[in-house]
Amino acid sequence: MSLVSHTTPKTVAGRFVQGLAAPFANMPWSVTVAVLVLVTVALVTVFARMILPFEFDQMDLRARLAPPVPMDGSSLIHPLGTDKLGRDVLSRLLIATQTSILLALLGTLIGAVLGTVLGFVSAHFGKWVDEVISTLVDFQAAMPWFIIALAVLAFMGNSMTVFLLLMGLYGWERYARVTRGLVLAAREEGYARAVHALGGKPRTIYLRHVLPNILSPLIVQLTINFPETILFETSLSFLGLGIRPPMTSLGQMLGDGRDYMITAWWLAVVPGTIIFLTTLSMSIFGDWLRTRFDPSLQD
Amino acid sequence: MSTTADLKALSARPDPAGETIAETRDVSKAFVYRKASLTRAAEIFNAVDKVSLCLERSETLAIVGESGCGKSTFGRLIAGLLPPSSGEATFRGHSYATLSAEDWRASRRNVQIIFQDAAGSLDPRLPVEIQVREPLDLHEIGSRADRAARTREMLDAVQLGRHLWQAVPSELSGGQQQRVVIARALITKPELVICDEPVSALDVSIQAQILSLLADLKSRMGLTLVFISHDLAVVRQIADRVAVMYLGRVCECGPAGQVLSHPRHPYTKALLSAVPVPDPAVKRTRLLLAGDPPSPHTPPAGCRFHTRCPVAVGICSQHAPERQFINGHEVHCHFPENAP
Amino acid sequence: MSLTYVCWKLLRAVVTIWLVVTFVFFILRLTGDPVAQLLPDDVDQNTIDHYRRLWGLDQPILVQYWKYITALFQGDFGISFRDGQDALDLVLSRVPKTALLGFTALAFALVFGIPLGVFAALKKNTAFDRFVMGLAVFGFSMPNFFLGILLILGFSLHLRILPSSGSDSWQHMIMPVVTLGTSFGAQIARFTRSSMIDVLNRPYMRTIDAKGAGTSRKLYLHALPNAAIPVVTIIGLKIGELIGSAVITENVFAWPGIGRLLTFSVATRDLAVVQCILMMIALTMVLSNLLVDLLYGWMDPRVRVGTREATSR
């Protein structure tokens, strides 16, 4: 009867595993490289503390501005050289990567959860609730958020909570827009309406049916927002407003290294390269995921 | 087949003919078609306008009419899925409007609806077996094992091949999807099932299969069916009674044989004359309707059909016709055709 | 395009500006007393009180807000805490430099982005297409502060052919414009490509083929105008991003525009100037969004005809 039946796993679990693995078949080489980079970054984020050769703030004033390995005067003790205070660049880089990625991850998740929930609320209640949320969405989209964040951070001082909050609020409106549209479409589409007619509670309809069905476009949105959140954090830290000493992040390292461009160019280039590679890999991976999940969603 | 026996056992409920199972009294549903703004009030129209109808247990009532006549909306009112703007819709004597949210959800066990778009009304992501079982999960009917067994019975009853039970809807054909939807609607053993154009999206050959399946399940389970369709050929096959709707109102309602062979309302006649008859010997006078139906947003005054009616006279544009009964056959017309 | 549509958009624009002004006012006031932060620690209470009175900071915050809003309507943005200059004058004096940089970068992005996007779409799935799109991914993944630093390292410090900071000659503009325009141009190229492919795949393009219209006629008369609609929208939506990037670019290259003034004022807690800049930026964003909306309505006849379809949905 059906052509597909023979290749279809019989169990739900089998289908689930196949569904997860399917998109990863026939990856082009560029995506494979991107995934490898992302996995490395993820491993560094998790294990930075364990593979640290030195404490990231351990100074060695006798070995200041040592160059990285292939250059004259370098040593294997500091394979990526040292900074103005003789701190090991590799160790700082590991911690900075961890900080930047964790912050971007948290910020993206806060925005995603907030936006998705508000999108659901907006679509579910409609009427004035929808009006209010839609106005907030438009407002957020029309605000120069990066600039406002810059001003707020400067006046609020060195507060991690405020910084995280600003990052979380960055981009939430896109999830809200996407979710609201998708939920409304899903309700129009009929399966949600059908479950309602079967006697399903709103919670069942949204959590069991609608959310799993709109998850792919939301994940795609996540892959678009994540690199932008990294840039948001690194840009602010670069300007000296986000992560400030004694803590460090990739943007903060780059901002610091900027003052030594003539004598120690690697101080800026090394963290900059890591930022670039991460956002580049995320973009390549996200693009590919997007065409995989939903060919109609291409830009 | 043991499942047949089981399903027969399920249907062993008292089955007194003539018992009213659901009813609508002067029920109307208004929709906004232009939102209010600062300068003008919202513009609304009645998709269903003061319709009264009685459904008897175990009958199949067909509701026919052109698209846009309000038959789907009326179906949803009978099912209790839409709150009426005025009048009331009752099921087993209880108005849906008086039910709490909890009781309303519980009532879904007994009142089910099958939508035209089978593919759309199935979750694209879940295997069909899980979806057919879902109503049992939602209403917490039986133990886990019972639910699984009942799901299998039901899937067998709609003759969906076992190898398709784990498939997702997109892997099924249109007819198979509709079988799944039917299985899901009937698994709670509902008393009343509203079928909203259940076969009009299907090929003609598949239509016949689904129709005979529905007729079979109906008689085995003792269902009461409301069958909404624009296709008189389909209605002829399945209906006990037919109600014809035009612009939100019923114009004629009666036993299928009478309405379809001896229509009394000019609109029904026109509808019927548009159906091709497979016998060239039969001579018919084609009764063609002039123009499109008026916009439901601004229905004509008086009898709603008078703008296209071949027999309309002055009174038709001024007064809406009263309901009258001719041999238990309800007609809304100033000049109903008499029995042959 | 109906009058109601235009009025509605205008109203929304005004409300957005008001919200930004209010939001910024309260957030910045809530972060502490600017006087205490501005003056040295050892000044006596009298001096502090004097400045608080002078800047109206001794009054309840709602009174301050009301005064601020009414003053705004008279074009009074307050005075710089630093040097007593009129905040608006100070900001306006920096506008030309930023506008010069911004518009040149925008032109740079469009001049490269649109043709590359169009050709990539026309040569879809060829090596050229893949090359251009690969370049585009590189372009918008590159953080502009890093690109700026790489350019300085390469062209100022290594090759010594371009100045690394300042704004005195056209040579000074090259690196800032490339830094600011690259990411934007890359996004435009990608967007143009997908919009163009979308249009070329529509049924009406096949009709035009069937009519036997020439390739260039098909391209210029039918495909490009239709493909331009979403591209225009995206340009408007990205103006905010462009301004954000400009702040960073101006900092990297010491370009004396609004962005430099903003980071400087923020560092010195010059409240009036910061507020004035934020409002100017919000105004620019809202106006460009408004412009895009109206342009969109004018370009897309479906919107121009009326709002009937929009309201019935």
# chains A, B, ... in the order shown; residues from 1 in each chain; ligands from 1

$ residues_around --residues "Leu166 in chain A" --least-positions-apart "3" --cutoff "12 Å" --atoms "only C-alpha atoms" --output "short mmCIF file (atom, residue, chain, number, x, y, z; two decimals) with C-alpha atoms, in the first residue's frame"
data_model
loop_
_atom_site.label_atom_id
_atom_site.label_comp_id
_atom_site.auth_asym_id
_atom_site.auth_seq_id
_atom_site.Cartn_x
_atom_site.Cartn_y
_atom_site.Cartn_z
CA LEU A 103 26.43 34.87 28.32
CA ALA A 104 25.27 34.62 24.72
CA LEU A 106 21.79 32.65 28.51
CA GLY A 107 20.84 35.85 26.74
CA THR A 108 19.52 33.97 23.73
CA ILE A 110 16.01 34.36 28.00
CA GLY A 111 14.96 36.13 24.81
CA GLN A 140 11.20 46.86 20.68
CA TRP A 145 18.45 48.58 21.53
CA PHE A 146 22.22 48.32 21.23
CA ILE A 147 22.56 52.05 21.84
CA ILE A 148 20.12 52.04 24.74
CA ALA A 149 21.97 49.09 26.26
CA LEU A 150 25.19 51.02 25.88
CA ALA A 151 23.76 54.02 27.74
CA VAL A 152 22.10 51.95 30.44
CA LEU A 153 25.28 49.95 31.09
CA MET A 156 24.22 51.45 35.80
CA SER A 159 26.20 44.88 37.00
CA MET A 160 26.05 41.38 35.57
CA THR A 161 22.30 41.14 36.17
CA VAL A 162 21.59 44.27 34.18
CA PHE A 163 23.88 43.13 31.40
CA LEU A 169 15.68 41.58 25.94
CA TYR A 170 17.72 41.79 22.75
CA GLY A 171 15.78 40.09 19.98
CA TRP A 172 12.89 38.66 22.04
CA THR A 229 23.83 37.95 20.71
CA PHE A 232 26.00 42.20 21.07
CA GLU A 233 28.03 41.07 24.06
CA LEU A 236 29.64 46.19 24.32
CA GLY A 242 29.83 44.92 29.13
#

$ residues_around --residues "range 27-41 of chain A" --least-positions-apart "3" --cutoff "8 Å" --atoms "only C-alpha atoms" --output "list in words"
Phe24, Val44, Thr45, Thr97, Leu277, Thr278, Leu280, Ser281, Met282, Ile284, Phe285 and Trp288 of chain A

$ select_by_dssp --residues "range 177-225 of chain B" --states "strand (DSSP E or B)" --output "list in words"
Leu192, Val193, Ile194, Cys195, Asp196, Thr224 and Leu225 of chain B

$ closest_residue --among "A:Thr204, A:Thr248, A:Thr116, A:Thr291" --to "chain B" --atoms "only C-alpha atoms"
A:Thr204

$ closest_atom_pairs --of "chain B" --to "chain A" --cutoff "6 Å" --atoms "only C-alpha atoms" --output "tab-separated table"
residue	atom	partner	partner_atom	distance
B:Arg105	CA	A:Gly199	CA	4.5
B:Arg108	CA	A:Gly199	CA	5.2
B:Gly120	CA	A:Gly190	CA	5.0
B:Ser121	CA	A:Tyr191	CA	3.9
B:Leu122	CA	A:Tyr191	CA	4.9
B:Asp123	CA	A:Tyr191	CA	5.3

$ write_last_selection --atoms "C-alpha atoms" --output "PDB file, in the first residue's frame"
ATOM      1  CA  ARG B 105     -14.909  19.356  27.435  1.00  0.00           C
ATOM      2  CA  ARG B 108     -16.894  16.180  23.569  1.00  0.00           C
ATOM      3  CA  GLY B 120      -5.159  19.631   8.326  1.00  0.00           C
ATOM      4  CA  SER B 121      -7.016  18.240  11.297  1.00  0.00           C
ATOM      5  CA  LEU B 122      -4.285  15.720  12.054  1.00  0.00           C
ATOM      6  CA  ASP B 123      -1.107  16.656  13.868  1.00  0.00           C
TER       7      ASP B 123
END

$ interface_residues --of "chain A" --to "chain C" --cutoff "6 Å" --atoms "only C-alpha atoms" --output "MDAnalysis selection string"
chainID A and resid 139 144 154:156 272 276 279:280

$ atom_distance --atom1 "CA of Val121 in chain A" --atom2 "CA of Thr22 in chain C"
25.8 Å

$ closest_residue --among "B:Asp26, B:Leu136, B:Ile21, B:Glu43" --to "chain C" --atoms "only C-alpha atoms"
B:Glu43

$ atom_distance --atom1 "CA of Arg206 in chain C" --atom2 "CA of Asn226 in chain C"
14.5 Å

$ decode --residues "range 61-111 of chain B" --atoms "N, CA and C atoms" --output "JSON list (two decimals), in the first residue's frame"
[["chain", "number", "residue", "atom", "x", "y", "z"],
["B", 61, "LEU", "N", -29.07, 13.21, 9.26],
["B", 61, "LEU", "CA", -29.62, 14.43, 8.68],
["B", 61, "LEU", "C", -28.56, 15.05, 7.79],
["B", 62, "ALA", "N", -28.93, 15.32, 6.53],
["B", 62, "ALA", "CA", -27.99, 16.00, 5.66],
["B", 62, "ALA", "C", -28.35, 17.47, 5.59],
["B", 63, "ILE", "N", -27.33, 18.32, 5.64],
["B", 63, "ILE", "CA", -27.56, 19.75, 5.46],
["B", 63, "ILE", "C", -26.89, 20.13, 4.15],
["B", 64, "VAL", "N", -27.70, 20.63, 3.21],
["B", 64, "VAL", "CA", -27.11, 20.95, 1.90],
["B", 64, "VAL", "C", -27.30, 22.43, 1.60],
["B", 65, "GLY", "N", -26.51, 22.90, 0.66],
["B", 65, "GLY", "CA", -26.60, 24.30, 0.26],
["B", 65, "GLY", "C", -25.32, 24.70, -0.43],
["B", 66, "GLU", "N", -25.35, 25.86, -1.09],
["B", 66, "GLU", "CA", -24.16, 26.34, -1.77],
["B", 66, "GLU", "C", -23.11, 26.75, -0.75],
["B", 67, "SER", "N", -21.87, 26.93, -1.20],
["B", 67, "SER", "CA", -20.86, 27.37, -0.25],
["B", 67, "SER", "C", -21.21, 28.79, 0.21],
["B", 68, "GLY", "N", -21.01, 29.04, 1.48],
["B", 68, "GLY", "CA", -21.33, 30.36, 2.02],
["B", 68, "GLY", "C", -22.74, 30.47, 2.56],
["B", 69, "CYS", "N", -23.51, 29.38, 2.54],
["B", 69, "CYS", "CA", -24.90, 29.48, 3.00],
["B", 69, "CYS", "C", -25.00, 29.32, 4.50],
["B", 70, "GLY", "N", -23.90, 29.04, 5.16],
["B", 70, "GLY", "CA", -23.92, 28.93, 6.62],
["B", 70, "GLY", "C", -24.05, 27.52, 7.13],
["B", 71, "LYS", "N", -23.92, 26.53, 6.25],
["B", 71, "LYS", "CA", -24.15, 25.17, 6.71],
["B", 71, "LYS", "C", -23.04, 24.67, 7.64],
["B", 72, "SER", "N", -21.80, 25.07, 7.35],
["B", 72, "SER", "CA", -20.72, 24.67, 8.25],
["B", 72, "SER", "C", -20.86, 25.34, 9.61],
["B", 73, "THR", "N", -21.20, 26.62, 9.60],
["B", 73, "THR", "CA", -21.40, 27.33, 10.86],
["B", 73, "THR", "C", -22.52, 26.67, 11.66],
["B", 74, "PHE", "N", -23.59, 26.31, 10.95],
["B", 74, "PHE", "CA", -24.70, 25.67, 11.63],
["B", 74, "PHE", "C", -24.25, 24.34, 12.23],
["B", 75, "GLY", "N", -23.43, 23.59, 11.47],
["B", 75, "GLY", "CA", -22.90, 22.33, 11.98],
["B", 75, "GLY", "C", -22.13, 22.54, 13.27],
["B", 76, "ARG", "N", -21.34, 23.61, 13.32],
["B", 76, "ARG", "CA", -20.56, 23.88, 14.53],
["B", 76, "ARG", "C", -21.44, 24.31, 15.69],
["B", 77, "LEU", "N", -22.55, 24.97, 15.36],
["B", 77, "LEU", "CA", -23.49, 25.34, 16.42],
["B", 77, "LEU", "C", -24.14, 24.09, 17.01],
["B", 78, "ILE", "N", -24.53, 23.16, 16.14],
["B", 78, "ILE", "CA", -25.13, 21.91, 16.64],
["B", 78, "ILE", "C", -24.13, 21.16, 17.50],
["B", 79, "ALA", "N", -22.86, 21.20, 17.08],
["B", 79, "ALA", "CA", -21.83, 20.48, 17.82],
["B", 79, "ALA", "C", -21.43, 21.20, 19.11],
["B", 80, "GLY", "N", -21.89, 22.44, 19.26],
["B", 80, "GLY", "CA", -21.52, 23.19, 20.45],
["B", 80, "GLY", "C", -20.12, 23.77, 20.38],
["B", 81, "LEU", "N", -19.54, 23.81, 19.19],
["B", 81, "LEU", "CA", -18.18, 24.34, 19.05],
["B", 81, "LEU", "C", -18.17, 25.85, 18.98],
["B", 82, "LEU", "N", -19.30, 26.43, 18.58],
["B", 82, "LEU", "CA", -19.39, 27.89, 18.52],
["B", 82, "LEU", "C", -20.50, 28.31, 19.46],
["B", 83, "PRO", "N", -20.29, 29.35, 20.22],
["B", 83, "PRO", "CA", -21.39, 29.86, 21.03],
["B", 83, "PRO", "C", -22.36, 30.64, 20.14],
["B", 84, "PRO", "N", -23.66, 30.36, 20.20],
["B", 84, "PRO", "CA", -24.59, 31.10, 19.35],
["B", 84, "PRO", "C", -24.71, 32.56, 19.79],
["B", 85, "SER", "N", -25.01, 33.44, 18.84],
["B", 85, "SER", "CA", -25.21, 34.85, 19.19],
["B", 85, "SER", "C", -26.58, 35.05, 19.82],
["B", 86, "SER", "N", -27.56, 34.25, 19.37],
["B", 86, "SER", "CA", -28.85, 34.25, 20.04],
["B", 86, "SER", "C", -29.48, 32.88, 19.82],
["B", 87, "GLY", "N", -30.54, 32.61, 20.55],
["B", 87, "GLY", "CA", -31.14, 31.29, 20.48],
["B", 87, "GLY", "C", -30.28, 30.29, 21.24],
["B", 88, "GLU", "N", -30.63, 29.01, 21.16],
["B", 88, "GLU", "CA", -29.77, 28.05, 21.87],
["B", 88, "GLU", "C", -29.67, 26.72, 21.12],
["B", 89, "ALA", "N", -28.56, 26.07, 21.39],
["B", 89, "ALA", "CA", -28.34, 24.74, 20.83],
["B", 89, "ALA", "C", -28.23, 23.79, 22.02],
["B", 90, "THR", "N", -28.97, 22.70, 21.96],
["B", 90, "THR", "CA", -28.93, 21.78, 23.09],
["B", 90, "THR", "C", -28.51, 20.40, 22.63],
["B", 91, "PHE", "N", -27.95, 19.66, 23.59],
["B", 91, "PHE", "CA", -27.62, 18.27, 23.35],
["B", 91, "PHE", "C", -28.19, 17.48, 24.53],
["B", 92, "ARG", "N", -29.00, 16.49, 24.25],
["B", 92, "ARG", "CA", -29.70, 15.73, 25.28],
["B", 92, "ARG", "C", -30.37, 16.65, 26.30],
["B", 93, "GLY", "N", -30.97, 17.71, 25.78],
["B", 93, "GLY", "CA", -31.75, 18.57, 26.64],
["B", 93, "GLY", "C", -30.99, 19.65, 27.38],
["B", 94, "HIS", "N", -29.64, 19.61, 27.31],
["B", 94, "HIS", "CA", -28.85, 20.63, 27.99],
["B", 94, "HIS", "C", -28.30, 21.62, 26.99],
["B", 95, "SER", "N", -28.47, 22.90, 27.28],
["B", 95, "SER", "CA", -27.89, 23.91, 26.40],
["B", 95, "SER", "C", -26.38, 23.93, 26.61],
["B", 96, "TYR", "N", -25.63, 23.98, 25.51],
["B", 96, "TYR", "CA", -24.17, 24.04, 25.64],
["B", 96, "TYR", "C", -23.74, 25.27, 26.44],
["B", 97, "ALA", "N", -24.53, 26.34, 26.28],
["B", 97, "ALA", "CA", -24.15, 27.61, 26.91],
["B", 97, "ALA", "C", -24.14, 27.50, 28.43],
["B", 98, "THR", "N", -24.90, 26.54, 28.98],
["B", 98, "THR", "CA", -24.96, 26.46, 30.44],
["B", 98, "THR", "C", -23.85, 25.58, 31.01],
["B", 99, "LEU", "N", -23.07, 24.93, 30.14],
["B", 99, "LEU", "CA", -22.04, 24.02, 30.63],
["B", 99, "LEU", "C", -20.81, 24.79, 31.09],
["B", 100, "SER", "N", -20.19, 24.30, 32.15],
["B", 100, "SER", "CA", -18.89, 24.87, 32.55],
["B", 100, "SER", "C", -17.85, 24.39, 31.54],
["B", 101, "ALA", "N", -16.68, 25.04, 31.56],
["B", 101, "ALA", "CA", -15.62, 24.65, 30.62],
["B", 101, "ALA", "C", -15.31, 23.17, 30.77],
["B", 102, "GLU", "N", -15.30, 22.72, 32.02],
["B", 102, "GLU", "CA", -14.98, 21.32, 32.31],
["B", 102, "GLU", "C", -16.05, 20.38, 31.71],
["B", 103, "ASP", "N", -17.32, 20.73, 31.97],
["B", 103, "ASP", "CA", -18.41, 19.91, 31.45],
["B", 103, "ASP", "C", -18.47, 19.95, 29.94],
["B", 104, "TRP", "N", -18.15, 21.13, 29.40],
["B", 104, "TRP", "CA", -18.17, 21.23, 27.94],
["B", 104, "TRP", "C", -17.14, 20.26, 27.36],
["B", 105, "ARG", "N", -15.94, 20.28, 27.95],
["B", 105, "ARG", "CA", -14.91, 19.36, 27.43],
["B", 105, "ARG", "C", -15.36, 17.91, 27.56],
["B", 106, "ALA", "N", -16.00, 17.60, 28.70],
["B", 106, "ALA", "CA", -16.49, 16.23, 28.90],
["B", 106, "ALA", "C", -17.53, 15.89, 27.83],
["B", 107, "SER", "N", -18.33, 16.88, 27.42],
["B", 107, "SER", "CA", -19.38, 16.61, 26.43],
["B", 107, "SER", "C", -18.79, 16.21, 25.09],
["B", 108, "ARG", "N", -17.51, 16.54, 24.86],
["B", 108, "ARG", "CA", -16.89, 16.18, 23.57],
["B", 108, "ARG", "C", -16.81, 14.67, 23.37],
["B", 109, "ARG", "N", -16.89, 13.93, 24.47],
["B", 109, "ARG", "CA", -16.92, 12.47, 24.36],
["B", 109, "ARG", "C", -18.09, 12.01, 23.53],
["B", 110, "ASN", "N", -19.19, 12.75, 23.68],
["B", 110, "ASN", "CA", -20.43, 12.30, 23.07],
["B", 110, "ASN", "C", -20.77, 13.03, 21.78],
["B", 111, "VAL", "N", -20.14, 14.18, 21.57],
["B", 111, "VAL", "CA", -20.40, 14.92, 20.35],
["B", 111, "VAL", "C", -19.08, 15.09, 19.61]]
